[in-house]
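Colleague: data29.cif (mmCIF, C-alpha atoms and all ligand atoms) pasted underneath:
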data_final
#
loop_
_atom_site.label_atom_id
_atom_site.label_comp_id
_atom_site.auth_asym_id
_atom_site.auth_seq_id
_atom_site.Cartn_x
_atom_site.Cartn_y
_atom_site.Cartn_z
CA MET M 1 -9.05 1.08 -38.12
CA ARG M 2 -8.37 1.43 -34.42
CA GLY M 3 -11.14 -0.07 -32.32
CA TRP M 4 -12.02 1.69 -29.12
CA MET M 5 -10.37 -1.12 -27.24
CA SER M 6 -8.68 -4.24 -28.42
CA ARG M 7 -10.75 -7.39 -28.41
CA SER M 8 -8.46 -8.86 -25.80
CA LYS M 9 -9.46 -6.10 -23.41
CA VAL M 10 -13.18 -5.99 -23.97
CA SER M 11 -15.51 -8.71 -25.04
CA ARG M 12 -19.13 -9.45 -24.52
CA SER M 13 -20.75 -12.65 -23.56
CA ALA M 14 -24.47 -13.01 -23.05
CA GLY M 15 -24.84 -9.28 -23.64
CA LYS M 16 -22.52 -8.24 -20.79
CA VAL M 17 -19.44 -6.05 -21.16
CA ALA M 18 -16.38 -7.93 -19.95
CA VAL M 19 -13.11 -6.18 -19.14
CA SER M 20 -10.54 -7.52 -16.72
CA ARG M 21 -10.40 -5.62 -13.46
CA ALA M 22 -6.77 -4.69 -14.05
CA ASP M 23 -7.61 -3.25 -17.47
CA LEU M 24 -10.53 -1.36 -16.00
CA GLN M 25 -8.24 0.21 -13.40
CA ASP M 26 -5.75 1.14 -16.12
CA LEU M 27 -8.53 2.93 -18.01
CA VAL M 28 -9.59 4.90 -14.94
CA VAL M 29 -6.01 5.95 -14.21
CA ASP M 30 -5.34 6.78 -17.86
CA ALA M 31 -8.42 8.98 -18.27
CA ARG M 32 -7.82 10.93 -15.05
CA GLY M 33 -4.14 11.29 -15.95
CA ARG M 34 -5.08 12.78 -19.31
CA THR M 35 -7.40 15.28 -17.62
CA PHE M 36 -4.60 16.38 -15.30
CA GLU M 37 -2.25 16.59 -18.29
CA ILE M 38 -4.57 18.93 -20.17
CA VAL M 39 -5.28 21.36 -17.32
CA ARG M 40 -2.17 21.09 -15.12
CA ASP M 41 -0.22 23.92 -16.76
CA LEU M 42 -3.04 26.48 -16.59
CA SER M 43 -2.31 29.50 -14.41
CA ASP M 44 -4.90 30.75 -11.93
CA GLU M 45 -5.53 33.58 -14.37
CA GLN M 46 -6.16 31.11 -17.22
CA LEU M 47 -8.55 29.07 -15.07
CA ARG M 48 -10.91 32.05 -15.05
CA VAL M 49 -12.68 31.95 -18.39
CA PRO M 50 -15.18 34.38 -19.90
CA LEU M 51 -18.83 33.36 -20.07
CA VAL M 52 -19.02 31.80 -23.54
CA ARG M 53 -21.96 29.60 -24.54
CA THR M 54 -19.83 26.74 -25.89
CA ILE M 55 -17.39 26.33 -22.99
CA ASN M 56 -17.38 25.75 -19.24
CA PRO M 57 -15.16 27.15 -16.47
CA PHE M 58 -12.20 24.75 -16.14
CA LEU M 59 -12.55 24.50 -12.37
CA TRP M 60 -16.21 23.56 -12.66
CA GLU M 61 -15.66 21.09 -15.50
CA ILE M 62 -12.84 19.09 -13.87
CA GLY M 63 -14.91 18.80 -10.70
CA HIS M 64 -17.89 17.72 -12.80
CA VAL M 65 -15.86 14.89 -14.38
CA ALA M 66 -15.03 13.46 -10.94
CA HIS M 67 -18.57 14.02 -9.65
CA PHE M 68 -20.05 12.16 -12.64
CA GLN M 69 -17.77 9.21 -11.88
CA GLU M 70 -18.62 9.33 -8.20
CA TYR M 71 -22.33 9.53 -8.94
CA TRP M 72 -22.51 6.54 -11.31
CA VAL M 73 -19.79 4.22 -10.00
CA LEU M 74 -19.79 4.83 -6.25
CA ARG M 75 -23.31 6.05 -5.53
CA HIS M 76 -25.68 4.70 -8.20
CA ALA M 77 -23.99 1.33 -8.76
CA ALA M 78 -22.37 0.69 -5.37
CA GLY M 79 -24.84 2.50 -3.11
CA ASN M 80 -22.27 4.64 -1.26
CA PRO M 81 -23.20 7.98 0.31
CA PRO M 82 -21.92 11.18 -1.37
CA VAL M 83 -18.30 12.17 -0.70
CA ARG M 84 -19.19 15.88 -0.75
CA SER M 85 -22.51 17.11 0.58
CA ASP M 86 -22.47 19.97 -1.95
CA GLY M 87 -21.44 17.78 -4.94
CA ASP M 88 -24.86 17.61 -6.61
CA SER M 89 -25.59 21.31 -6.18
CA LEU M 90 -22.24 22.23 -7.74
CA TYR M 91 -21.52 19.69 -10.44
CA ASP M 92 -24.67 17.98 -11.74
CA SER M 93 -24.80 19.20 -15.34
CA ALA M 94 -28.50 18.35 -15.66
CA LYS M 95 -29.37 20.55 -12.69
CA VAL M 96 -26.83 23.37 -12.74
CA GLU M 97 -27.60 25.72 -15.64
CA HIS M 98 -24.71 26.59 -17.92
CA ASP M 99 -24.49 30.29 -17.07
CA THR M 100 -24.79 29.54 -13.35
CA ARG M 101 -21.47 27.65 -13.45
CA TRP M 102 -19.60 30.97 -13.40
CA ASN M 103 -21.18 31.99 -10.09
CA LEU M 104 -20.89 28.92 -7.88
CA PRO M 105 -19.02 28.64 -4.57
CA LEU M 106 -16.59 26.18 -6.19
CA PRO M 107 -13.83 24.64 -4.08
CA SER M 108 -10.29 25.93 -4.67
CA ARG M 109 -8.08 24.44 -7.36
CA ALA M 110 -6.13 22.41 -4.76
CA GLU M 111 -9.32 21.09 -3.17
CA THR M 112 -10.81 20.22 -6.57
CA LEU M 113 -7.69 18.27 -7.55
CA ARG M 114 -7.79 16.41 -4.22
CA TYR M 115 -11.44 15.51 -4.84
CA MET M 116 -10.56 14.21 -8.32
CA GLU M 117 -7.77 12.05 -6.87
CA GLU M 118 -9.94 10.82 -4.04
CA ILE M 119 -12.73 9.70 -6.39
CA ARG M 120 -10.23 8.01 -8.69
CA ASP M 121 -8.72 6.10 -5.77
CA ARG M 122 -12.10 5.11 -4.36
CA VAL M 123 -13.11 3.82 -7.80
CA LEU M 124 -9.89 1.79 -8.02
CA ASP M 125 -10.67 0.28 -4.61
CA ARG M 126 -14.23 -0.38 -5.66
CA ILE M 127 -13.03 -2.32 -8.73
CA ASN M 128 -11.01 -4.56 -6.38
CA ALA M 129 -13.92 -5.18 -4.02
CA ASN M 130 -15.48 -8.63 -3.79
CA SER M 131 -18.91 -7.07 -4.24
CA PHE M 132 -17.93 -5.52 -7.60
CA ASP M 133 -20.28 -6.90 -10.25
CA ASP M 134 -18.22 -7.56 -13.36
CA SER M 135 -21.04 -6.79 -15.76
CA ARG M 136 -23.24 -4.14 -14.16
CA ASP M 137 -20.51 -2.22 -12.36
CA THR M 138 -18.12 -2.45 -15.30
CA TYR M 139 -20.67 -0.68 -17.46
CA PHE M 140 -20.71 2.35 -15.16
CA VAL M 141 -16.91 2.50 -14.87
CA LEU M 142 -16.62 2.50 -18.67
CA LEU M 143 -19.36 5.14 -18.90
CA SER M 144 -17.35 7.38 -16.56
CA VAL M 145 -14.12 6.83 -18.51
CA LEU M 146 -15.70 7.68 -21.87
CA HIS M 147 -17.48 10.67 -20.34
CA GLU M 148 -14.11 11.90 -19.11
CA ASP M 149 -12.60 11.34 -22.57
CA MET M 150 -15.32 13.56 -24.07
CA HIS M 151 -14.65 16.30 -21.53
CA ASP M 152 -10.92 16.01 -22.19
CA GLU M 153 -11.63 16.82 -25.82
CA ALA M 154 -13.83 19.69 -24.62
CA PHE M 155 -10.93 21.05 -22.51
CA LEU M 156 -8.80 21.17 -25.66
CA ILE M 157 -11.64 22.91 -27.51
CA THR M 158 -11.83 25.46 -24.68
CA ARG M 159 -8.09 26.09 -24.95
CA GLN M 160 -8.45 26.56 -28.72
CA THR M 161 -11.47 28.86 -28.24
CA LEU M 162 -9.60 31.08 -25.79
CA GLY M 163 -6.31 31.08 -27.70
CA TYR M 164 -4.42 29.28 -24.92
CA PRO M 165 -1.33 27.24 -25.84
CA ILE M 166 -1.41 23.52 -26.54
CA PRO M 167 -1.00 21.77 -23.17
CA ALA M 168 2.67 21.33 -22.36
CA GLY M 169 3.73 17.76 -23.04
CA LEU M 170 0.48 16.59 -24.61
CA ARG M 171 1.20 13.03 -25.67
CA VAL M 172 -1.12 12.55 -28.60
CA GLY M 173 -1.70 14.40 -31.87
CA ASP M 174 -0.87 18.05 -31.52
CA ALA M 175 -2.48 18.87 -34.85
CA PRO M 176 -4.26 17.16 -37.73
CA PRO M 177 -1.71 15.19 -39.72
CA VAL M 178 -0.79 16.11 -43.26
CA GLU M 179 -2.20 13.58 -45.68
CA LYS M 180 -1.74 13.39 -49.39
CA CYS M 181 -4.95 14.41 -51.08
CA VAL M 182 -6.35 11.84 -53.45
CA ASN M 183 -9.20 13.21 -55.51
CA GLU M 184 -11.08 10.04 -56.01
CA ASP M 185 -14.37 8.47 -54.95
CA VAL M 186 -15.01 5.09 -53.43
CA LYS M 187 -18.01 3.48 -55.11
CA VAL M 188 -20.45 1.70 -52.86
CA PRO M 189 -23.13 -0.42 -54.54
CA ALA M 190 -26.78 -0.32 -53.57
CA GLY M 191 -27.62 -2.88 -50.94
CA GLU M 192 -28.86 -3.71 -47.50
CA TYR M 193 -26.31 -2.66 -44.89
CA THR M 194 -25.95 -2.91 -41.14
CA ILE M 195 -26.27 0.36 -39.24
CA GLY M 196 -25.80 0.67 -35.48
CA SER M 197 -24.25 -1.55 -32.82
CA THR M 198 -24.95 -4.98 -31.45
CA SER M 199 -24.47 -6.24 -27.92
CA GLU M 200 -21.28 -7.94 -29.14
CA GLU M 201 -19.39 -4.69 -29.61
CA GLY M 202 -18.30 -3.82 -26.09
CA PHE M 203 -19.50 -0.59 -24.52
CA ILE M 204 -22.04 1.22 -26.70
CA PHE M 205 -24.26 4.25 -26.19
CA ASP M 206 -28.05 4.24 -26.28
CA ASN M 207 -28.21 6.21 -29.54
CA GLU M 208 -26.42 3.38 -31.44
CA LYS M 209 -28.99 0.77 -30.51
CA TRP M 210 -29.67 -1.41 -32.03
CA ALA M 211 -27.97 -2.72 -35.13
CA HIS M 212 -30.51 -2.89 -37.94
CA ASN M 213 -30.50 -3.38 -41.69
CA MET M 214 -31.05 -0.45 -43.99
CA LYS M 215 -31.55 -0.42 -47.76
CA VAL M 216 -29.25 2.21 -49.22
CA PRO M 217 -28.97 3.28 -52.89
CA ALA M 218 -25.54 3.20 -54.56
CA PHE M 219 -23.32 6.18 -53.69
CA ARG M 220 -19.83 7.53 -54.27
CA ILE M 221 -17.93 8.95 -51.30
CA SER M 222 -14.63 10.79 -51.45
CA ARG M 223 -11.55 8.88 -50.44
CA SER M 224 -10.05 11.94 -48.75
CA LEU M 225 -11.16 14.91 -46.69
CA VAL M 226 -11.65 18.37 -48.18
CA THR M 227 -8.37 20.25 -47.87
CA GLN M 228 -7.64 23.82 -46.86
CA ARG M 229 -6.67 24.45 -50.49
CA GLU M 230 -10.08 23.35 -51.73
CA PHE M 231 -11.84 25.45 -49.14
CA LEU M 232 -9.70 28.47 -49.99
CA ASN M 233 -10.64 28.04 -53.67
CA TYR M 234 -14.28 28.08 -52.62
CA ILE M 235 -14.09 31.30 -50.59
CA GLU M 236 -11.97 33.06 -53.21
CA ASP M 237 -14.36 32.00 -55.95
CA THR M 238 -17.57 32.94 -54.14
CA GLY M 239 -16.53 35.66 -51.73
CA ALA M 240 -17.96 33.60 -48.90
CA ALA M 241 -16.79 34.47 -45.39
CA HIS M 242 -13.57 32.79 -44.37
CA PRO M 243 -13.56 30.23 -41.53
CA HIS M 244 -13.64 31.75 -38.07
CA TYR M 245 -10.04 30.90 -37.23
CA TRP M 246 -8.58 32.13 -40.53
CA ARG M 247 -7.30 35.61 -41.26
CA ARG M 248 -5.41 37.29 -44.02
CA GLY M 249 -1.88 38.54 -43.33
CA ASP M 250 -0.47 41.90 -44.48
CA ASN M 251 1.22 40.18 -47.42
CA GLY M 252 -2.10 38.74 -48.59
CA GLY M 253 -1.33 35.23 -47.38
CA TRP M 254 -3.78 33.31 -45.24
CA PHE M 255 -3.19 32.22 -41.65
CA ARG M 256 -5.04 29.85 -39.36
CA ARG M 257 -5.10 30.15 -35.58
CA HIS M 258 -4.08 26.91 -33.89
CA PHE M 259 -4.35 27.46 -30.13
CA ASP M 260 -2.16 30.52 -29.47
CA GLN M 261 -0.27 30.40 -32.78
CA TRP M 262 -1.05 31.91 -36.16
CA LEU M 263 0.16 29.38 -38.74
CA PRO M 264 0.29 29.88 -42.51
CA LEU M 265 -2.38 27.71 -44.13
CA GLU M 266 -1.01 24.28 -44.90
CA LEU M 267 -3.03 23.66 -47.98
CA ASP M 268 -2.88 19.88 -48.01
CA ARG M 269 -4.21 19.56 -44.49
CA PRO M 270 -7.92 18.91 -44.05
CA VAL M 271 -10.00 22.04 -43.53
CA SER M 272 -11.24 22.12 -39.95
CA ASN M 273 -13.24 24.23 -37.50
CA ILE M 274 -16.02 24.99 -39.91
CA SER M 275 -19.72 24.86 -39.15
CA TRP M 276 -22.25 22.54 -40.75
CA TYR M 277 -23.57 25.57 -42.67
CA GLU M 278 -20.13 26.27 -44.09
CA ALA M 279 -19.68 22.59 -44.93
CA THR M 280 -23.01 22.52 -46.73
CA ALA M 281 -22.30 25.74 -48.64
CA TYR M 282 -18.93 24.36 -49.72
CA CYS M 283 -20.63 21.22 -51.04
CA ARG M 284 -23.11 23.28 -53.07
CA TRP M 285 -20.25 25.18 -54.70
CA ALA M 286 -18.29 21.97 -55.37
CA ARG M 287 -21.39 20.29 -56.84
CA ARG M 288 -21.14 17.63 -54.21
CA ARG M 289 -23.13 16.81 -51.05
CA LEU M 290 -22.47 15.71 -47.50
CA PRO M 291 -22.87 11.98 -46.88
CA THR M 292 -25.71 10.81 -44.71
CA GLU M 293 -24.46 9.39 -41.44
CA PHE M 294 -25.49 5.95 -42.72
CA GLU M 295 -23.43 6.27 -45.89
CA TRP M 296 -20.49 7.35 -43.75
CA GLU M 297 -20.88 4.34 -41.46
CA ILE M 298 -21.16 1.93 -44.39
CA ALA M 299 -18.00 3.40 -45.94
CA ALA M 300 -16.16 3.13 -42.61
CA ARG M 301 -17.03 -0.54 -42.28
CA ARG M 302 -16.12 -1.35 -45.91
CA GLY M 303 -12.76 0.45 -45.89
CA GLY M 304 -11.11 2.35 -48.73
CA CYS M 305 -11.54 5.90 -47.44
CA GLU M 306 -8.67 7.67 -45.72
CA GLN M 307 -8.69 9.62 -42.45
CA MET M 308 -12.04 8.34 -41.28
CA PHE M 309 -10.73 8.49 -37.70
CA GLY M 310 -8.20 10.63 -35.89
CA SER M 311 -7.93 13.66 -38.17
CA VAL M 312 -11.12 15.75 -37.94
CA TRP M 313 -14.74 14.95 -37.14
CA GLN M 314 -16.88 14.84 -40.26
CA TRP M 315 -20.22 16.59 -40.62
CA THR M 316 -23.01 14.53 -42.17
CA SER M 317 -26.28 15.68 -43.70
CA SER M 318 -28.21 13.73 -41.06
CA GLU M 319 -30.26 15.15 -38.29
CA PHE M 320 -29.48 13.47 -34.96
CA LEU M 321 -32.48 11.17 -34.48
CA PRO M 322 -33.20 8.09 -32.38
CA TYR M 323 -33.12 4.70 -34.12
CA ALA M 324 -36.40 2.75 -34.15
CA GLY M 325 -37.10 1.29 -30.73
CA PHE M 326 -34.76 3.71 -28.95
CA SER M 327 -34.80 3.73 -25.19
CA GLU M 328 -32.64 5.73 -22.80
CA ASP M 329 -29.78 4.15 -20.91
CA PRO M 330 -29.37 5.07 -17.20
CA TYR M 331 -27.55 8.32 -18.05
CA LYS M 332 -30.73 9.71 -19.58
CA GLU M 333 -29.33 13.08 -20.59
CA TYR M 334 -26.70 11.61 -22.92
CA SER M 335 -28.80 11.55 -26.12
CA SER M 336 -32.48 12.32 -25.62
CA PRO M 337 -32.30 16.08 -24.98
CA TRP M 338 -30.38 16.62 -28.21
CA PHE M 339 -32.44 14.73 -30.80
CA ARG M 340 -33.78 16.83 -33.71
CA THR M 341 -31.83 20.00 -32.89
CA HIS M 342 -28.35 18.60 -33.62
CA LYS M 343 -26.57 17.30 -36.70
CA THR M 344 -24.65 14.06 -36.60
CA LEU M 345 -20.88 13.93 -37.03
CA ARG M 346 -18.97 10.75 -37.59
CA GLY M 347 -15.35 9.66 -37.27
CA ALA M 348 -13.11 11.29 -34.68
CA ALA M 349 -10.57 14.11 -34.52
CA TRP M 350 -6.87 14.07 -33.57
CA SER M 351 -8.05 15.31 -30.17
CA THR M 352 -10.27 12.25 -29.60
CA ARG M 353 -9.09 9.22 -27.63
CA SER M 354 -8.64 6.18 -29.87
CA ARG M 355 -11.01 4.16 -27.70
CA MET M 356 -13.85 6.38 -28.99
CA MET M 357 -13.14 5.49 -32.62
CA ARG M 358 -15.80 3.11 -33.97
CA PRO M 359 -17.82 3.13 -37.23
CA ALA M 360 -21.14 3.22 -35.36
CA TYR M 361 -20.23 5.97 -32.86
CA ARG M 362 -22.43 9.06 -33.32
CA ASN M 363 -21.26 12.49 -32.30
CA PHE M 364 -23.68 15.42 -32.47
CA TYR M 365 -23.52 19.19 -32.39
CA THR M 366 -25.73 22.09 -33.42
CA PRO M 367 -24.98 23.15 -37.01
CA ASP M 368 -23.53 26.53 -36.01
CA ARG M 369 -20.58 25.05 -34.09
CA TYR M 370 -17.23 25.96 -35.64
CA ASP M 371 -15.21 25.52 -32.47
CA ILE M 372 -14.82 21.76 -32.83
CA TRP M 373 -12.25 20.06 -35.03
CA ALA M 374 -14.74 19.15 -37.73
CA GLY M 375 -14.29 19.12 -41.49
CA ILE M 376 -15.84 17.72 -44.66
CA ARG M 377 -15.98 14.51 -46.62
CA THR M 378 -18.22 14.74 -49.64
CA CYS M 379 -20.34 12.47 -51.82
CA ALA M 380 -20.98 12.73 -55.56
CA LEU M 381 -24.43 14.05 -56.52
CA GLU M 382 -24.86 11.16 -58.95
CA SER M 383 -24.10 7.60 -58.00
FE FE K 401 -20.51 15.83 -18.59
#
Please express the file's structure as structure tokens.
Ligand SMILES: [Fe+2]

Modeller:
Amino acid sequence: MRGWMSRSKVSRSAGKVAVSRADLQDLVVDARGRTFEIVRDLSDEQLRVPLVRTINPFLWEIGHVAHFQEYWVLRHAAGNPPVRSDGDSLYDSAKVEHDTRWNLPLPSRAETLRYMEEIRDRVLDRINANSFDDSRDTYFVLLSVLHEDMHDEAFLITRQTLGYPIPAGLRVGDAPPVEKCVNEDVKVPAGEYTIGSTSEEGFIFDNEKWAHNMKVPAFRISRSLVTQREFLNYIEDTGAAHPHYWRRGDNGGWFRRHFDQWLPLELDRPVSNISWYEATAYCRWARRRLPTEFEWEIAARRGGCEQMFGSVWQWTSSEFLPYAGFSEDPYKEYSSPWFRTHKTLRGAAWSTRSRMMRPAYRNFYTPDRYDIWAGIRTCALES
């Protein structure tokens, strides 16, 4: 399993995140570089996107990524004045309503890119400053890097949603890898297991706190993800609607849209881009069930399952809820607004940065979302 950062890069002592300043600068440069890589090739025409509930205008979203970093690292933590007087009124996602983002006096593409570079460079300088606090300030730099990673995945989702091509020269994982399907369960005995994160685990989000023990009955979880073949069997058997990005060709064969390409189904690949409702309906047909997020986390820590990380996100049966004793971290809008209305997903997709891949990391979406690279791992009904 790939940790989100190697131990040599991040460790904690006395509850503080410790990363060398050089490594921290590398992370800032890497995340901003990835953002540029994903949006650089878009034409002015492609930058203008239709008003769709699940996406944001590219020009707004790249400015938002830099503004978020400026807000937390340079203003909140370091006490600097704003770089742009209109930054908060344009880019604060908690204040600027989604639909409003299409009608803002946004700076030009060139000006937005300059702002993104300027903030990056100011943050690099800040990390070098004598007054930089290696615990408190490091936390906010890492928060901004991981926030950017999440938006980078969202940029790819936007490109998939709109049928744009895969970014030219994307370095990592152009598509979910083909994996041999092993129809077999991993048996996990009943016991008391650790769920959540401790202060020893590097940067963690508020919704993972804190590690606690949970009594869990025995369960059996599938070693592999549900494949396109299995999902096709389900829709052909039941007449259920096909996944949103699938269509039938003139010759009767099935195709899946991957960015701007229609590809024949590759039946041994994991099924992806299905909603929680579709995942649940599939399980009913297969006489299986989705794992709870806790079962998933236990299985991830024990090992034995394949493609837990880096293929597709995996829906769980769990509602996204706070753990006992939850309290918000400084970025209050990260988790709290979404409890109870979202389902939890675990793992990570091919489009996710490896530093996000941890057993305790909780992703969350509303159950109708089919636009994300999410698929299914099932559990047996009987243990
Ligand atoms: Fe954001």

Colleague: In Å, how far is it from atom CA of Arg287 of chain M to atom CA of Tyr234 of chain M?

Modeller: 11.4 Å

Colleague: Kindly indicate which residue among M:Gly33, M:Gly202, M:Gly63, M:Gly169 lies nearest to ligand FE 401 (chain K), using all atoms listed in the file for the distances.

Modeller: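 Going through M:Gly33, M:Gly202, M:Gly63, M:Gly169 one by one, the smallest distance to ligand FE 401 (chain K) is for M:Gly63.
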
Colleague: Show me the residues around (-16.4, 11.2, -23.3) - criterion: an atom at most 12 Å away, all atoms listed in the file counted - as number ranges by chain.

Modeller: M: 4, 31-32, 35, 65, 68-69, 142-155, 204-205, 334, 348, 351-357, 361-363

Colleague: Env of His242 of chain M: 10 Å cut, atoms = all atoms listed in the file, seq-sep filter 3 positions within chain, self excluded. Answer as a list in words.

Modeller: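 The contact residues come out as Phe231, Leu232, Tyr234, Ile235, Glu236, Gly239, Tyr245, Trp246, Arg247, Arg248, Trp254, Ile274 and Glu278 of chain M.
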
Colleague: Considering all atoms listed in the file, can you say which of M:Thr366, M:Thr344, M:Thr378, M:Thr158 comes closest to Trp285 of chain M?

Modeller: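 Going through M:Thr366, M:Thr344, M:Thr378, M:Thr158 one by one, the smallest distance to Trp285 of chain M is for M:Thr378.
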
Colleague: Please indicate the distance in Å from atom CA of Ile127 of chain M to atom CA of Ser85 of chain M, rounded to one decimal place.

Modeller: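 Taking atom CA of Ile127 of chain M as the start and atom CA of Ser85 of chain M as the end point, the length is 23.5 Å.
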
Colleague: Expressed in Å to a single decimal, how great is the separation between atom CA of His244 of chain M and atom CA of Tyr370 of chain M?

Modeller: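 Between these atoms lies a distance of 7.2 Å.
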
Colleague: Near Val73 of chain M, within 8 Å and counting all atoms listed in the file, which residues show up once chain neighbours fewer than 5 positions away are dropped, as an NGL selection string?

Modeller: :M and (78 or 123 or 137 or 140-141 or 144)

Colleague: Go ahead and write the residues just picked, C-alpha atoms, as a PDB file, in the coordinates of the input.

Modeller:
ATOM      1  CA  ALA M  78     -22.370   0.690  -5.370  1.00  0.00           C
ATOM      2  CA  VAL M 123     -13.110   3.820  -7.800  1.00  0.00           C
ATOM      3  CA  ASP M 137     -20.510  -2.220 -12.360  1.00  0.00           C
ATOM      4  CA  PHE M 140     -20.710   2.350 -15.160  1.00  0.00           C
ATOM      5  CA  VAL M 141     -16.910   2.500 -14.870  1.00  0.00           C
ATOM      6  CA  SER M 144     -17.350   7.380 -16.560  1.00  0.00           C
TER       7      SER M 144
END

Colleague: Kindly indicate which residue among M:Asp260, M:Glu61, M:Asp26, M:Asp125 lies nearest to ligand FE 401 (chain K), using all atoms listed in the file for the distances.

Modeller: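 Result for the nearest residue to ligand FE 401 (chain K): M:Glu61.
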
Colleague: Kindly indicate which residue among M:Phe203, M:Phe309, M:Tyr331, M:Trp338 lies nearest to ligand FE 401 (chain K), using only C-alpha atoms and all ligand atoms for the distances.

Modeller: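 Under the stated criterion, the closest residue is M:Tyr331.
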
Colleague: Taking all atoms listed in the file into account, name the residue in M:Ala66, M:Ala286, M:Ile157, M:Ser93 that is nearest to Glu118 of chain M.

Modeller: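 Distance minimum relative to Glu118 of chain M lands on M:Ala66.
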